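Here the structure comes first, spelled out in structure tokens, and everything after it is commentary.
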Amino acid sequence: MDKSEKLALNVSGLLLVVFLVAIVYASVAKEVDVPTCITDMEPFATDTLFQTGPDSYELQMVARMWAFQPGNITLPAGSTVDLYLTSQDIIHGFKITGKNLNLMAVPGAINYMSVTFEEPGVYDFACHEFCGAAHHTMAGKFTIVEEEAFEGETFGEGSL
Amino acid sequence: MSTLDFRFTKSEKNLNSTLIIIPMVLLFIGIYGGFMQTLFRAGIVQSDPFMGGEYYKGLTIHGVLNAIVFTTFFAVALGNAVIPWSLKMNLNSKVAWLSGILMLVGSVITALVMVAGEATVLYTFYPPLKAHPLFYIGLVLVVVGSWVAFFNWIPMYLRWRKENAGEKTPIAVVGMFTTFIVWFIATLSVAVEILVFLLPWSLGLVDEVNVMLARTLFWFFGHPLVYFWLLPAYVMYYAFLPKIAGGRLYSDMAARLVFMLFIVFSVPVGTHHQYMDPAIGSQWKFLHGVFTFAVAFPSLITAFTIAASLEYAGRKRGGTGLFGWIKKLPFFEKDSWFFSYLIAGLVIFIFGGISGIVNASYQMNTVVHNTAWIPGHFHLTVAGPVLLAFLGGSMYLIHQFMGKPVKMKGWTLSVPYIYTIGVFIFSWGMMRGGLIGMPRRTNTGASYANPESMLYQPDWMPFIDISVIGGSIMFLAIVIYIVAFFATVSARSEATLEAVTFPVTAPLHDEPANWLRNFKPYIYIAIVLIVLSYTPVILDVLESTTGGSLPYSPNSPVPLR
């Protein structure tokens with residue numbers, strides 16, 4: 001191996017190490033992580049939303065052909081949502097626009113991720129895994145309102 | 001390397017020509033489907049006038065025919081070409097034909113089932129969406145056919161090693177064996193998925209299937225599949241490109257190291273497709289992410305070695321200065337038309353590689369997973385360097401095996417450049433749209449891109465329209481290629497039928513590299529890494545999932561049984 005080749009190998013290796021360190025840093029220091037294995041939760045078949053603390057909620061969401069239940073959720077700004085997701089039939093996908101939350105909904109398994117909505121606004125979500133003929137109509141939204149204007153959390157049917 | 005003492009038999013030539021021509025027809029059907037998808041997504045068409053299908057049926061055909069059928073045929077044809085030629089040994093013709101016939105029958109069955117609309121499950125065929133049993137059987141035949149081709153080469157290789165003790169295996173042979181070692185390990189998993197779970201379930205012999213387990217088995221196969229696509233292109237980059245450019249391979253040892261690293265790290269990486277999945281511990285996802293970075297390393301080495309080889313060629317052609325040598329490369333020389341297919345692919349792959357590292361980067365995947373970014377990315381890999389190298393390779397193989405002169409050389413040479421412009425525009429639209437939340441695998445034209453729909457997303461429109469422009473240019477390039485390809489196939493044979501040959505030269509730096517001469521230790525390391533990385537994943541899946549799933553049709557929310 002000549003000198004330039006050795007240099008190229010070292011730089012390549014170093015580059016990948018830098019990327020890896022960045023990932024570990026984001027995971028450990030910034031607590032940005034990916035979904036993990038959930039074993040401490042009973043399977044659920046119906047959706048529910050309840051308050052668990054001053055600014056925190058637990059949402060159990062069910063994906064099915066071709067709707068998210070609930071598909072329409074209203075919460076106050078500053079809410080942290082512990083979101084549990086499962087599927088009742090086939091595989092679906094769930095990503096909230098503008099948020100670092102992206103989950104696969106797989107039948108027989110429960111997926112989990114926590115998300116905080118600081119800013120008021122509408123946060124859309126669309127099913128992102130092919131789930132049959134009407135896949136492209138499977139969508140919903142979080143509506144986040146100012147804390148002063150908030151009149152109690154709501155969730156229900158319907159899409160955007 | 002003298003090839004005077006080796007000739008392909010008539011039967012080998014006919015087989016290899018068949019293995020190129022029939023998949024080319026299937027590829028074009030698939031690419032037509034891909035072009036229609038860009039129109040569907042923009043709402044320009046609502047149904048496909050030629051195949052009578054809707055978006056998802058066309059998407060299934062596009063994925064299966066282009067990414068699985070065409071690529072597998074080309075890999076087998078390239079192996080059937082360079083292995084006998086390099087080892088100077090003829091194939092066992094009967095076994096080779098058996099492999100070809102299995103693959104052809106399997107592909108035709110799969111294609112017919114998809115066109116009939118009985119397998120609208122996309123190329124990932126995730127349960128509990130159920131396809132017609134013949135869809136799975138067709139795919140199994142394609143895979144088994146490719147195994148038979150591989151098994152046909154193994155005794156040739158072993159005999160050559162015995163008769164040529166102490167000699168280095170030719171690099172093209174090392175590359176093709178790497179391709180098929182990776183393929184064989186990977187397809188074992190999808191064989192289990194299909195034969196043990198999906199096929200009996202599709203036939204109604206068992207009621208339920210564990211969806212997470214099937215999905216995990218699929219991705220055990222699904223990522224090494226990516227390297228199965230890429231590796232034949234690497235064979236052409238390492239073995240052919242230096243000579244076509246007028247130079248030599250810069251380092252023989254680097255090439256061998258790259259192939260061995262692919263054997264080691266190609267498989268224990270599949271869970272990086274499942275970062276957003278439930279039922280798999282995040283620590284194991286992280287481990288697969290680390291191995292994915294490890295498998296990026298050989299591609300970075302390749303970038304250096306190929307660039308150094310091209311620089312050597314450019315300087316030999318009289319190029320000077322830091323970058324002056326680039327201008328001397330044969331970008332527009334009609335007789336070096338193959339060069340354009342390889343160089344354009346390499347340029348595209350710079351961006352395919354970068355976006356791939358983004359996808360693999362653990363939590364960063366949250367931003368892009370299952371968004372339109374992903375098809376944007378993989379059209380810069382499998383539909384970039386892989387497709388172009390395979391198209392160039394197909395033209396070259398037909399030219400050699402049928403003894404036909406390459407027709408429309410100017411057009412043939414310009415196809416990769418036109419295609420590159422198209423794919424850059426297309427992928428930019430898709431990736432940019434993906435970053436603002438546009439999902440992949442979604443008929444946006446019927447909802448999000450329809451101004452009359454409740455779901456209309458005006459922000460996505462510019463990017464959807466850009467992908468139509470890019471997709472149209474890509475399609476145009478392929479139409480030109482197909483015309484040139486069939487003009488070549490139907491041309492009159494060259495008068496002087498010379499023996500089949502490939503553009504291979506001796507490397508510039510040729511070190512002994514004794515530690516890279518045997519596949520065995522690397523296969524053992526690969527097996528150890530696979531067991532270590534997949535055992536906890538499979539255990540997690542088995543422990544944290546409940547119940548199985550009944551089969552579903554894509555057309556109804558009620559299970560089929």
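We name chains A, B, ... following the order of the structure tokens; residues begin at 1 in each chain, and ligands are numbered from 1 as shown.
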
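Residues surrounding Phe259 of chain B within 8 Å are Val174, Gly175, Thr178 and Pro298 of chain B [only C-alpha atoms; sequence separation below 5 positions excluded].
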
task: Using only C-alpha atoms, find which residues of chain A lie within 7 Å of chain B and jot them down as an NGL selection string.
output: :A and (8-9 or 12-13 or 16 or 23 or 32-39 or 65 or 90 or 97 or 100-104 or 106-111 or 128-133 or 135-137 or 160)

Go ahead and dump the residues you just picked, C-alpha atoms, as a compact mmCIF listing (two decimals), in the first residue's frame.
# COMPACT_ATOMS: atom_id res chain seq x y z
CA ALA A 8 -7.31 7.67 2.28
CA LEU A 9 -8.06 4.62 4.43
CA SER A 12 -12.34 7.26 5.64
CA GLY A 13 -12.19 5.40 8.93
CA LEU A 16 -17.10 7.15 10.04
CA ILE A 23 -24.93 9.52 17.00
CA VAL A 32 -32.82 11.59 20.92
CA ASP A 33 -33.39 7.90 20.44
CA VAL A 34 -35.28 5.36 18.37
CA PRO A 35 -38.21 3.19 19.54
CA THR A 36 -37.26 0.20 21.66
CA CYS A 37 -38.83 -3.08 22.72
CA ILE A 38 -42.00 -2.57 24.85
CA THR A 39 -42.82 -5.50 27.15
CA MET A 65 -57.46 0.17 7.31
CA ILE A 90 -51.96 -4.84 8.69
CA THR A 97 -44.82 16.40 10.28
CA ASN A 100 -39.02 13.80 15.51
CA LEU A 101 -41.61 11.09 15.82
CA ASN A 102 -41.81 8.26 13.35
CA LEU A 103 -43.30 4.87 14.21
CA MET A 104 -44.28 1.68 12.45
CA VAL A 106 -47.37 -3.51 13.41
CA PRO A 107 -50.13 -5.95 14.41
CA GLY A 108 -49.19 -7.98 17.49
CA ALA A 109 -46.70 -5.39 18.75
CA ILE A 110 -46.82 -2.08 20.61
CA ASN A 111 -44.67 0.82 19.54
CA HIS A 128 -46.49 6.12 5.31
CA GLU A 129 -46.58 2.35 4.80
CA PHE A 130 -48.63 0.87 1.98
CA CYS A 131 -51.80 -0.51 3.58
CA GLY A 132 -54.09 -1.26 0.68
CA ALA A 133 -56.38 0.46 -1.77
CA HIS A 135 -53.75 4.00 1.90
CA HIS A 136 -53.38 7.55 0.56
CA THR A 137 -56.48 8.69 2.48
CA LEU A 160 -57.57 16.20 8.44

query: What residues in segment 374-552 of chain B get the DSSP label strand (DSSP E or B)? Please answer as a ChimeraX atom specification.
result: /B:439,509,549,552

Preceding selection exported with N, CA and C atoms as a PDB file, in the first residue's frame:
ATOM      1  N   PRO B 439     -44.933  11.186   2.207  1.00  0.00           N
ATOM      2  CA  PRO B 439     -44.640   9.761   2.377  1.00  0.00           C
ATOM      3  C   PRO B 439     -44.250   9.089   1.064  1.00  0.00           C
ATOM      4  N   HIS B 509      -0.439  -1.601  -8.840  1.00  0.00           N
ATOM      5  CA  HIS B 509       0.238  -2.090  -7.638  1.00  0.00           C
ATOM      6  C   HIS B 509      -0.288  -3.487  -7.345  1.00  0.00           C
ATOM      7  N   SER B 549     -51.322 -13.085  12.722  1.00  0.00           N
ATOM      8  CA  SER B 549     -52.239 -12.311  11.898  1.00  0.00           C
ATOM      9  C   SER B 549     -52.852 -13.160  10.795  1.00  0.00           C
ATOM     10  N   TYR B 552     -54.886 -10.643   4.774  1.00  0.00           N
ATOM     11  CA  TYR B 552     -55.736  -9.559   4.291  1.00  0.00           C
ATOM     12  C   TYR B 552     -55.517  -9.349   2.802  1.00  0.00           C
TER      13      TYR B 552
END

message: Can you pull out every residue from chain A that DSSP, working from the backbone, puts in alpha helix (DSSP H), and format the result as a PyMOL selection string?
response: chain A and resi 3-28

- request: Compile the contact shell of segment 33-49 of chain B as number ranges by chain: residues with an atom at most 8 Å away, counting only C-alpha atoms, same-chain residues fewer than 3 positions apart removed.
  value: B: 29-30, 52-55, 58-59, 61-62, 442-446, 449-450, 461, 464-465, 467-468, 471-472, 475

Residues just named, written with N, CA and C atoms as an mmCIF file, in the first residue's frame:
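Everything below was put into result_9.cif:
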data_model
loop_
_atom_site.group_PDB
_atom_site.id
_atom_site.type_symbol
_atom_site.label_atom_id
_atom_site.label_comp_id
_atom_site.auth_asym_id
_atom_site.auth_seq_id
_atom_site.Cartn_x
_atom_site.Cartn_y
_atom_site.Cartn_z
ATOM 1 N N ILE B 29 -40.854 -3.026 -19.025
ATOM 2 C CA ILE B 29 -42.224 -2.993 -18.476
ATOM 3 C C ILE B 29 -42.185 -2.331 -17.094
ATOM 4 N N GLY B 30 -41.207 -2.725 -16.279
ATOM 5 C CA GLY B 30 -41.081 -2.156 -14.932
ATOM 6 C C GLY B 30 -40.780 -0.672 -14.960
ATOM 7 N N GLY B 52 -53.924 -1.389 -17.385
ATOM 8 C CA GLY B 52 -55.213 -1.450 -16.712
ATOM 9 C C GLY B 52 -55.101 -1.453 -15.208
ATOM 10 N N GLY B 53 -54.035 -0.845 -14.696
ATOM 11 C CA GLY B 53 -53.833 -0.945 -13.258
ATOM 12 C C GLY B 53 -53.922 0.381 -12.554
ATOM 13 N N GLU B 54 -53.978 0.296 -11.254
ATOM 14 C CA GLU B 54 -53.898 1.515 -10.466
ATOM 15 C C GLU B 54 -52.480 1.629 -9.908
ATOM 16 N N TYR B 55 -52.251 2.661 -9.104
ATOM 17 C CA TYR B 55 -50.911 3.019 -8.664
ATOM 18 C C TYR B 55 -50.170 1.874 -7.984
ATOM 19 N N GLY B 58 -49.028 -1.041 -10.175
ATOM 20 C CA GLY B 58 -47.878 -0.624 -10.980
ATOM 21 C C GLY B 58 -46.616 -0.534 -10.134
ATOM 22 N N LEU B 59 -46.773 -0.067 -8.897
ATOM 23 C CA LEU B 59 -45.619 0.075 -8.009
ATOM 24 C C LEU B 59 -45.030 -1.297 -7.672
ATOM 25 N N ILE B 61 -45.221 -3.973 -9.600
ATOM 26 C CA ILE B 61 -44.561 -4.466 -10.815
ATOM 27 C C ILE B 61 -43.204 -3.772 -10.991
ATOM 28 N N HIS B 62 -43.194 -2.476 -10.775
ATOM 29 C CA HIS B 62 -41.957 -1.696 -10.898
ATOM 30 C C HIS B 62 -40.875 -2.235 -9.960
ATOM 31 N N THR B 442 -47.070 6.100 -1.816
ATOM 32 C CA THR B 442 -48.382 6.682 -1.594
ATOM 33 C C THR B 442 -48.850 7.369 -2.869
ATOM 34 N N ASN B 443 -50.067 7.067 -3.278
ATOM 35 C CA ASN B 443 -50.643 7.653 -4.483
ATOM 36 C C ASN B 443 -51.112 9.064 -4.172
ATOM 37 N N THR B 444 -50.148 9.979 -4.052
ATOM 38 C CA THR B 444 -50.485 11.338 -3.624
ATOM 39 C C THR B 444 -51.477 12.006 -4.575
ATOM 40 N N GLY B 445 -51.444 11.605 -5.846
ATOM 41 C CA GLY B 445 -52.334 12.238 -6.815
ATOM 42 C C GLY B 445 -53.799 12.112 -6.449
ATOM 43 N N ALA B 446 -54.158 11.060 -5.699
ATOM 44 C CA ALA B 446 -55.558 10.840 -5.349
ATOM 45 C C ALA B 446 -55.947 11.550 -4.050
ATOM 46 N N ALA B 449 -52.079 15.488 -3.347
ATOM 47 C CA ALA B 449 -51.736 16.370 -4.468
ATOM 48 C C ALA B 449 -52.967 16.753 -5.277
ATOM 49 N N ASN B 450 -54.136 16.537 -4.706
ATOM 50 C CA ASN B 450 -55.372 16.866 -5.403
ATOM 51 C C ASN B 450 -56.013 18.089 -4.745
ATOM 52 N N MET B 461 -46.497 20.184 -3.518
ATOM 53 C CA MET B 461 -46.695 20.192 -4.974
ATOM 54 C C MET B 461 -45.436 20.481 -5.795
ATOM 55 N N ILE B 464 -43.357 17.356 -5.992
ATOM 56 C CA ILE B 464 -44.000 16.300 -6.786
ATOM 57 C C ILE B 464 -43.843 16.610 -8.268
ATOM 58 N N ASP B 465 -44.025 17.880 -8.631
ATOM 59 C CA ASP B 465 -43.901 18.263 -10.043
ATOM 60 C C ASP B 465 -42.459 18.114 -10.531
ATOM 61 N N SER B 467 -40.376 15.923 -9.517
ATOM 62 C CA SER B 467 -40.109 14.498 -9.745
ATOM 63 C C SER B 467 -40.725 14.025 -11.065
ATOM 64 N N VAL B 468 -41.777 14.686 -11.523
ATOM 65 C CA VAL B 468 -42.343 14.339 -12.837
ATOM 66 C C VAL B 468 -41.363 14.719 -13.945
ATOM 67 N N GLY B 471 -38.437 12.303 -13.733
ATOM 68 C CA GLY B 471 -38.871 10.969 -14.152
ATOM 69 C C GLY B 471 -39.048 10.888 -15.660
ATOM 70 N N SER B 472 -39.535 11.979 -16.279
ATOM 71 C CA SER B 472 -39.735 11.977 -17.733
ATOM 72 C C SER B 472 -38.390 11.896 -18.450
ATOM 73 N N PHE B 475 -37.049 8.428 -18.166
ATOM 74 C CA PHE B 475 -37.772 7.511 -19.046
ATOM 75 C C PHE B 475 -37.299 7.675 -20.489
#

Neighbour list for Asp124 of chain A as a VMD selection string, cut-off 8 Å, only C-alpha atoms, skip fewer than 4 positions in-chain: chain A and resid 96 to 97 139 to 142 160

- request: Go ahead and compute the interatomic distance for atom CA of Gly98 of chain A and atom CA of Pro43 of chain A, in Å to one decimal.
  value: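 Computing the Euclidean distance for atom CA of Gly98 of chain A and atom CA of Pro43 of chain A yields 28.7 Å.
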
task: Tell me, as an MDAnalysis selection string, which residues lie within 9 Å of Leu59 of chain A, counting only C-alpha atoms; anything in the same chain fewer than 2 positions away does not count.
output: chainID A and resid 47:51 57 61 81:85

Give me a file of those residues, with N, CA and C atoms, as an mmCIF file, in the first residue's frame.
data_model
loop_
_atom_site.group_PDB
_atom_site.id
_atom_site.type_symbol
_atom_site.label_atom_id
_atom_site.label_comp_id
_atom_site.auth_asym_id
_atom_site.auth_seq_id
_atom_site.Cartn_x
_atom_site.Cartn_y
_atom_site.Cartn_z
ATOM 1 N N ASP A 47 -58.777 2.982 21.271
ATOM 2 C CA ASP A 47 -57.943 4.145 21.501
ATOM 3 C C ASP A 47 -58.379 4.887 22.759
ATOM 4 N N THR A 48 -57.425 5.535 23.403
ATOM 5 C CA THR A 48 -57.747 6.319 24.579
ATOM 6 C C THR A 48 -56.712 7.411 24.793
ATOM 7 N N LEU A 49 -57.150 8.509 25.422
ATOM 8 C CA LEU A 49 -56.255 9.625 25.741
ATOM 9 C C LEU A 49 -56.558 10.077 27.161
ATOM 10 N N PHE A 50 -55.563 10.135 28.019
ATOM 11 C CA PHE A 50 -55.813 10.654 29.369
ATOM 12 C C PHE A 50 -54.605 11.420 29.875
ATOM 13 N N GLN A 51 -54.901 12.316 30.844
ATOM 14 C CA GLN A 51 -53.854 13.164 31.391
ATOM 15 C C GLN A 51 -53.093 12.383 32.458
ATOM 16 N N TYR A 57 -49.625 13.700 28.827
ATOM 17 C CA TYR A 57 -50.767 12.876 28.434
ATOM 18 C C TYR A 57 -50.264 11.522 27.956
ATOM 19 N N MET A 61 -53.032 4.788 20.562
ATOM 20 C CA MET A 61 -53.574 4.975 19.218
ATOM 21 C C MET A 61 -53.624 3.639 18.479
ATOM 22 N N VAL A 81 -46.623 14.103 25.079
ATOM 23 C CA VAL A 81 -47.513 12.961 24.852
ATOM 24 C C VAL A 81 -46.689 11.677 24.826
ATOM 25 N N ASP A 82 -47.070 10.734 25.691
ATOM 26 C CA ASP A 82 -46.515 9.384 25.603
ATOM 27 C C ASP A 82 -47.401 8.622 24.635
ATOM 28 N N LEU A 83 -46.881 8.380 23.449
ATOM 29 C CA LEU A 83 -47.729 7.840 22.399
ATOM 30 C C LEU A 83 -47.468 6.345 22.210
ATOM 31 N N TYR A 84 -48.498 5.547 22.446
ATOM 32 C CA TYR A 84 -48.417 4.103 22.192
ATOM 33 C C TYR A 84 -49.215 3.806 20.938
ATOM 34 N N LEU A 85 -48.623 3.001 20.056
ATOM 35 C CA LEU A 85 -49.261 2.763 18.762
ATOM 36 C C LEU A 85 -49.262 1.275 18.443
#
